[in-house]
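my_file.pdb (PDB, C-alpha atoms)
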ATOM      1  CA  MET A   1      32.561   4.573 -24.136
ATOM      2  CA  ALA A   2      29.731   2.402 -22.888
ATOM      3  CA  ALA A   3      28.574   2.652 -19.287
ATOM      4  CA  GLU A   4      29.229  -0.272 -16.931
ATOM      5  CA  PHE A   5      26.153  -1.353 -14.982
ATOM      6  CA  SER A   6      26.262  -3.390 -11.772
ATOM      7  CA  THR A   7      23.800  -4.715  -9.250
ATOM      8  CA  ALA A   8      24.633  -1.752  -7.008
ATOM      9  CA  SER A   9      24.063   0.883  -9.700
ATOM     10  CA  PHE A  10      21.307  -0.702 -11.808
ATOM     11  CA  LYS A  11      18.315   0.910 -10.116
ATOM     12  CA  ALA A  12      19.697   4.454 -10.278
ATOM     13  CA  ASP A  13      21.445   4.153 -13.653
ATOM     14  CA  VAL A  14      18.882   2.118 -15.576
ATOM     15  CA  LEU A  15      15.486   1.876 -13.892
ATOM     16  CA  GLU A  16      15.342   5.501 -12.753
ATOM     17  CA  SER A  17      16.882   7.013 -15.886
ATOM     18  CA  ASP A  18      14.942   9.745 -17.642
ATOM     19  CA  LYS A  19      16.341   8.477 -20.952
ATOM     20  CA  PRO A  20      15.996   5.079 -22.650
ATOM     21  CA  VAL A  21      18.760   2.679 -21.592
ATOM     22  CA  LEU A  22      20.180  -0.129 -23.744
ATOM     23  CA  VAL A  23      21.873  -2.821 -21.640
ATOM     24  CA  ASP A  24      24.119  -5.503 -23.134
ATOM     25  CA  PHE A  25      24.292  -8.496 -20.765
ATOM     26  CA  TRP A  26      27.574 -10.234 -21.624
ATOM     27  CA  SER A  27      30.245 -12.571 -20.276
ATOM     28  CA  HIS A  28      33.953 -13.265 -20.711
ATOM     29  CA  GLY A  29      34.780 -16.051 -23.157
ATOM     30  CA  CYS A  30      31.690 -15.376 -25.296
ATOM     31  CA  PRO A  31      32.733 -14.796 -28.936
ATOM     32  CA  PRO A  32      29.506 -13.001 -29.953
ATOM     33  CA  CYS A  33      29.875 -10.764 -26.877
ATOM     34  CA  LYS A  34      33.415  -9.831 -27.891
ATOM     35  CA  ARG A  35      32.198  -9.046 -31.406
ATOM     36  CA  LEU A  36      29.371  -6.889 -30.030
ATOM     37  CA  ALA A  37      31.542  -4.903 -27.567
ATOM     38  CA  PRO A  38      32.847  -2.290 -30.055
ATOM     39  CA  VAL A  39      29.325  -1.849 -31.465
ATOM     40  CA  ILE A  40      28.019  -1.075 -27.968
ATOM     41  CA  ASP A  41      30.838   1.444 -27.449
ATOM     42  CA  GLU A  42      30.053   3.167 -30.774
ATOM     43  CA  LEU A  43      26.330   3.313 -29.963
ATOM     44  CA  ALA A  44      27.110   4.828 -26.558
ATOM     45  CA  SER A  45      29.101   7.635 -28.174
ATOM     46  CA  GLU A  46      26.644   8.233 -31.006
ATOM     47  CA  ASN A  47      23.599   8.403 -28.697
ATOM     48  CA  GLU A  48      25.114  10.483 -25.911
ATOM     49  CA  GLY A  49      22.495  12.841 -24.525
ATOM     50  CA  LYS A  50      19.621  10.917 -26.152
ATOM     51  CA  ALA A  51      19.978   7.444 -24.622
ATOM     52  CA  LEU A  52      22.292   5.639 -22.243
ATOM     53  CA  VAL A  53      24.080   2.598 -23.652
ATOM     54  CA  GLY A  54      26.064   0.209 -21.494
ATOM     55  CA  LYS A  55      26.951  -3.305 -20.486
ATOM     56  CA  CYS A  56      26.489  -5.632 -17.554
ATOM     57  CA  ASN A  57      28.806  -8.583 -16.946
ATOM     58  CA  VAL A  58      26.576 -11.504 -15.935
ATOM     59  CA  GLY A  59      29.412 -13.289 -14.118
ATOM     60  CA  ASP A  60      29.898 -10.320 -11.813
ATOM     61  CA  ASN A  61      26.174  -9.547 -11.499
ATOM     62  CA  MET A  62      24.425 -12.916 -11.268
ATOM     63  CA  GLU A  63      21.509 -11.446  -9.298
ATOM     64  CA  LEU A  64      20.633  -9.120 -12.165
ATOM     65  CA  ALA A  65      21.000 -11.889 -14.726
ATOM     66  CA  ALA A  66      18.581 -14.054 -12.757
ATOM     67  CA  GLU A  67      16.149 -11.195 -12.132
ATOM     68  CA  TYR A  68      15.900 -10.424 -15.856
ATOM     69  CA  GLY A  69      15.897 -14.035 -17.041
ATOM     70  CA  ILE A  70      19.220 -13.868 -18.848
ATOM     71  CA  THR A  71      19.791 -17.461 -19.983
ATOM     72  CA  ALA A  72      22.104 -16.759 -22.932
ATOM     73  CA  VAL A  73      24.593 -14.053 -23.802
ATOM     74  CA  PRO A  74      24.639 -11.640 -25.317
ATOM     75  CA  THR A  75      21.137 -10.558 -24.342
ATOM     76  CA  ILE A  76      20.238  -6.941 -24.982
ATOM     77  CA  LEU A  77      17.428  -5.227 -23.105
ATOM     78  CA  LEU A  78      16.091  -1.759 -23.813
ATOM     79  CA  PHE A  79      14.527  -0.032 -20.815
ATOM     80  CA  LYS A  80      12.290   3.013 -20.949
ATOM     81  CA  GLY A  81      10.718   4.449 -17.833
ATOM     82  CA  GLY A  82      12.105   1.538 -15.836
ATOM     83  CA  GLU A  83      10.330  -1.059 -18.002
ATOM     84  CA  ILE A  84      11.703  -3.433 -20.626
ATOM     85  CA  VAL A  85      10.424  -2.353 -24.032
ATOM     86  CA  GLU A  86      12.677  -4.528 -26.213
ATOM     87  CA  ARG A  87      14.549  -7.812 -25.708
ATOM     88  CA  MET A  88      17.037  -9.373 -28.137
ATOM     89  CA  GLN A  89      19.298 -12.403 -27.835
ATOM     90  CA  GLY A  90      22.483 -13.085 -29.743
ATOM     91  CA  TYR A  91      24.641 -10.787 -31.813
ATOM     92  CA  GLN A  92      22.729  -7.839 -33.286
ATOM     93  CA  ASP A  93      24.129  -5.546 -35.939
ATOM     94  CA  LYS A  94      24.632  -1.874 -35.232
ATOM     95  CA  SER A  95      21.893  -0.652 -37.557
ATOM     96  CA  LYS A  96      19.257  -2.806 -35.845
ATOM     97  CA  LEU A  97      20.304  -1.625 -32.395
ATOM     98  CA  GLN A  98      20.355   2.006 -33.542
ATOM     99  CA  GLU A  99      16.846   1.590 -34.959
ATOM    100  CA  VAL A 100      15.613   0.258 -31.615
ATOM    101  CA  ILE A 101      17.232   3.145 -29.733
ATOM    102  CA  LYS A 102      15.820   5.672 -32.181
ATOM    103  CA  GLY A 103      12.350   4.170 -31.775
ATOM    104  CA  ALA A 104      12.559   4.685 -28.027
ATOM    105  CA  THR A 105      13.863   8.251 -28.288
ATOM    106  CA  CYS A 106      11.982   9.558 -31.324
ATOM    107  CA  CYS A 107       8.855  11.515 -30.470
ATOM    108  CA  GLY A 108       8.772   9.975 -26.987
ATOM    109  CA  GLY A 109       7.166   6.735 -28.183
ATOM    110  CA  PRO A 110       7.994   3.153 -27.258
ATOM    111  CA  ALA A 111      10.535   1.138 -29.241
ATOM    112  CA  VAL A 112       7.778  -0.690 -31.090
ATOM    113  CA  GLU A 113       4.355   0.768 -31.762
ATOM    114  CA  ILE A 114       1.528  -1.397 -33.032
ATOM    115  CA  ASP A 115      -0.619   0.210 -35.724
ATOM    116  CA  ALA A 116       1.350   3.412 -35.421
ATOM    117  CA  PRO A 117       1.035   5.933 -38.227
ATOM    118  CA  ALA A 118       3.999   6.353 -40.533
ATOM    119  CA  PRO A 119       6.509   8.989 -39.476
ATOM    120  CA  PRO A 120       6.315  12.333 -41.252
ATOM    121  CA  SER A 121       8.092  12.557 -44.577
ATOM    122  CA  GLY A 122      11.750  13.456 -44.390
ATOM    123  CA  GLY A 123      12.528  10.839 -41.737
ATOM    124  CA  GLY A 124      12.180  13.225 -38.803
ATOM    125  CA  CYS A 125       9.897  13.048 -35.815
TER     126      CYS A 125
END

Do you think you could lay out the structure here as structure tokens?
Amino acid sequence: MAAEFSTASFKADVLESDKPVLVDFWSHGCPPCKRLAPVIDELASENEGKALVGKCNVGDNMELAAEYGITAVPTILLFKGGEIVERMQGYQDKSKLQEVIKGATCCGGPAVEIDAPAPPSGGGC
């Protein structure tokens, strides 16, 4: 099950996490958000111990939405070391989100590396 982030818990749960954190900013009455919700839950279970995956309701946490420039939902931010390393708006499929998480957890590198060498053969780190 995905974590629930709030204004009160965001610093400790997200910014100070020693693991990458994927945050789905969502709202009630948003069809793409409802479609994304089970994907976020699956990703949370599948990445347990490697990354933290959760959601933040923008209606209940307007300060956070404003602080991170959330102007449309769903907006998905990936944090690593307290910094945003990836930002996506709109519905994203599970494989794309998993790729982003893997990029942030694999070999300790950022989600996206410019001019990075190809990974070793066999798909491992």

With a cut-off of 6 Å, could you pull out the residues of stretch 12-33 of chain A touching stretch 59-82 of chain A and give me the nearest pair of atoms for each, distance in Å to one decimal, using all atoms listed in the file, ordered by chain and ascending number, as JSON lines?
{"residue": "A:Leu15", "atom": "CA", "partner": "A:Gly82", "partner_atom": "CA", "distance": 3.9}
{"residue": "A:Glu16", "atom": "CA", "partner": "A:Gly82", "partner_atom": "CA", "distance": 6.0}
{"residue": "A:Pro20", "atom": "CA", "partner": "A:Lys80", "partner_atom": "CA", "distance": 4.6}
{"residue": "A:Val21", "atom": "CA", "partner": "A:Phe79", "partner_atom": "CA", "distance": 5.1}
{"residue": "A:Leu22", "atom": "CA", "partner": "A:Leu78", "partner_atom": "CA", "distance": 4.4}
{"residue": "A:Val23", "atom": "CA", "partner": "A:Leu77", "partner_atom": "CA", "distance": 5.3}
{"residue": "A:Asp24", "atom": "CA", "partner": "A:Ile76", "partner_atom": "CA", "distance": 4.5}
{"residue": "A:Phe25", "atom": "CA", "partner": "A:Thr75", "partner_atom": "CA", "distance": 5.2}
{"residue": "A:Trp26", "atom": "CA", "partner": "A:Pro74", "partner_atom": "CA", "distance": 4.9}
{"residue": "A:Cys33", "atom": "CA", "partner": "A:Pro74", "partner_atom": "CA", "distance": 5.5}

Would you mind exporting C-alpha atoms of the selected residues as a PDB file, in the frame of the given file?
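Final file, again.pdb:
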ATOM      1  CA  LEU A  15      15.486   1.876 -13.892  1.00  0.00           C
ATOM      2  CA  GLU A  16      15.342   5.501 -12.753  1.00  0.00           C
ATOM      3  CA  PRO A  20      15.996   5.079 -22.650  1.00  0.00           C
ATOM      4  CA  VAL A  21      18.760   2.679 -21.592  1.00  0.00           C
ATOM      5  CA  LEU A  22      20.180  -0.129 -23.744  1.00  0.00           C
ATOM      6  CA  VAL A  23      21.873  -2.821 -21.640  1.00  0.00           C
ATOM      7  CA  ASP A  24      24.119  -5.503 -23.134  1.00  0.00           C
ATOM      8  CA  PHE A  25      24.292  -8.496 -20.765  1.00  0.00           C
ATOM      9  CA  TRP A  26      27.574 -10.234 -21.624  1.00  0.00           C
ATOM     10  CA  CYS A  33      29.875 -10.764 -26.877  1.00  0.00           C
TER      11      CYS A  33
END

Apply the PyMOL selection byres ((chain A and resi 39-47) around 12) to the displayed file and report the matching residues as a compact mmCIF listing (two decimals) with C-alpha atoms, keeping the file's coordinate frame.
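Full text of result21.txt as output:
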# COMPACT_ATOMS: atom_id res chain seq x y z
CA MET A 1 32.56 4.57 -24.14
CA ALA A 2 29.73 2.40 -22.89
CA ALA A 3 28.57 2.65 -19.29
CA GLU A 4 29.23 -0.27 -16.93
CA LYS A 19 16.34 8.48 -20.95
CA PRO A 20 16.00 5.08 -22.65
CA VAL A 21 18.76 2.68 -21.59
CA LEU A 22 20.18 -0.13 -23.74
CA VAL A 23 21.87 -2.82 -21.64
CA ASP A 24 24.12 -5.50 -23.13
CA PHE A 25 24.29 -8.50 -20.76
CA TRP A 26 27.57 -10.23 -21.62
CA PRO A 32 29.51 -13.00 -29.95
CA CYS A 33 29.88 -10.76 -26.88
CA LYS A 34 33.42 -9.83 -27.89
CA ARG A 35 32.20 -9.05 -31.41
CA LEU A 36 29.37 -6.89 -30.03
CA ALA A 37 31.54 -4.90 -27.57
CA PRO A 38 32.85 -2.29 -30.06
CA GLU A 48 25.11 10.48 -25.91
CA GLY A 49 22.50 12.84 -24.52
CA LYS A 50 19.62 10.92 -26.15
CA ALA A 51 19.98 7.44 -24.62
CA LEU A 52 22.29 5.64 -22.24
CA VAL A 53 24.08 2.60 -23.65
CA GLY A 54 26.06 0.21 -21.49
CA LYS A 55 26.95 -3.30 -20.49
CA CYS A 56 26.49 -5.63 -17.55
CA PRO A 74 24.64 -11.64 -25.32
CA ILE A 76 20.24 -6.94 -24.98
CA TYR A 91 24.64 -10.79 -31.81
CA GLN A 92 22.73 -7.84 -33.29
CA ASP A 93 24.13 -5.55 -35.94
CA LYS A 94 24.63 -1.87 -35.23
CA SER A 95 21.89 -0.65 -37.56
CA LYS A 96 19.26 -2.81 -35.84
CA LEU A 97 20.30 -1.62 -32.40
CA GLN A 98 20.36 2.01 -33.54
CA GLU A 99 16.85 1.59 -34.96
CA VAL A 100 15.61 0.26 -31.62
CA ILE A 101 17.23 3.14 -29.73
CA LYS A 102 15.82 5.67 -32.18
CA ALA A 104 12.56 4.68 -28.03
CA THR A 105 13.86 8.25 -28.29
CA CYS A 106 11.98 9.56 -31.32

Note to self: One decimal, in Å: what's the spacing between atom CA of A:His28 and atom CA of A:Met88?
What the structure shows: 18.9 Å

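The coordinates place atom CA of A:Gly103 at 14.9 Å from atom CA of A:Glu83.
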
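A straight line drawn from atom CA of A:Gly90 to atom CA of A:Gly29 is 14.3 Å long.
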
Taking all atoms of stretch 58-64 of chain A that the file lists and extending 5 Å past them on each side, where is the centre of the axis-aligned box and how long are its edges? Answer in Å to one decimal, as AutoDock Vina command-line options.
--center_x 25.3 --center_y -11.2 --center_z -12.6 --size_x 19.3 --size_y 14.2 --size_z 16.6
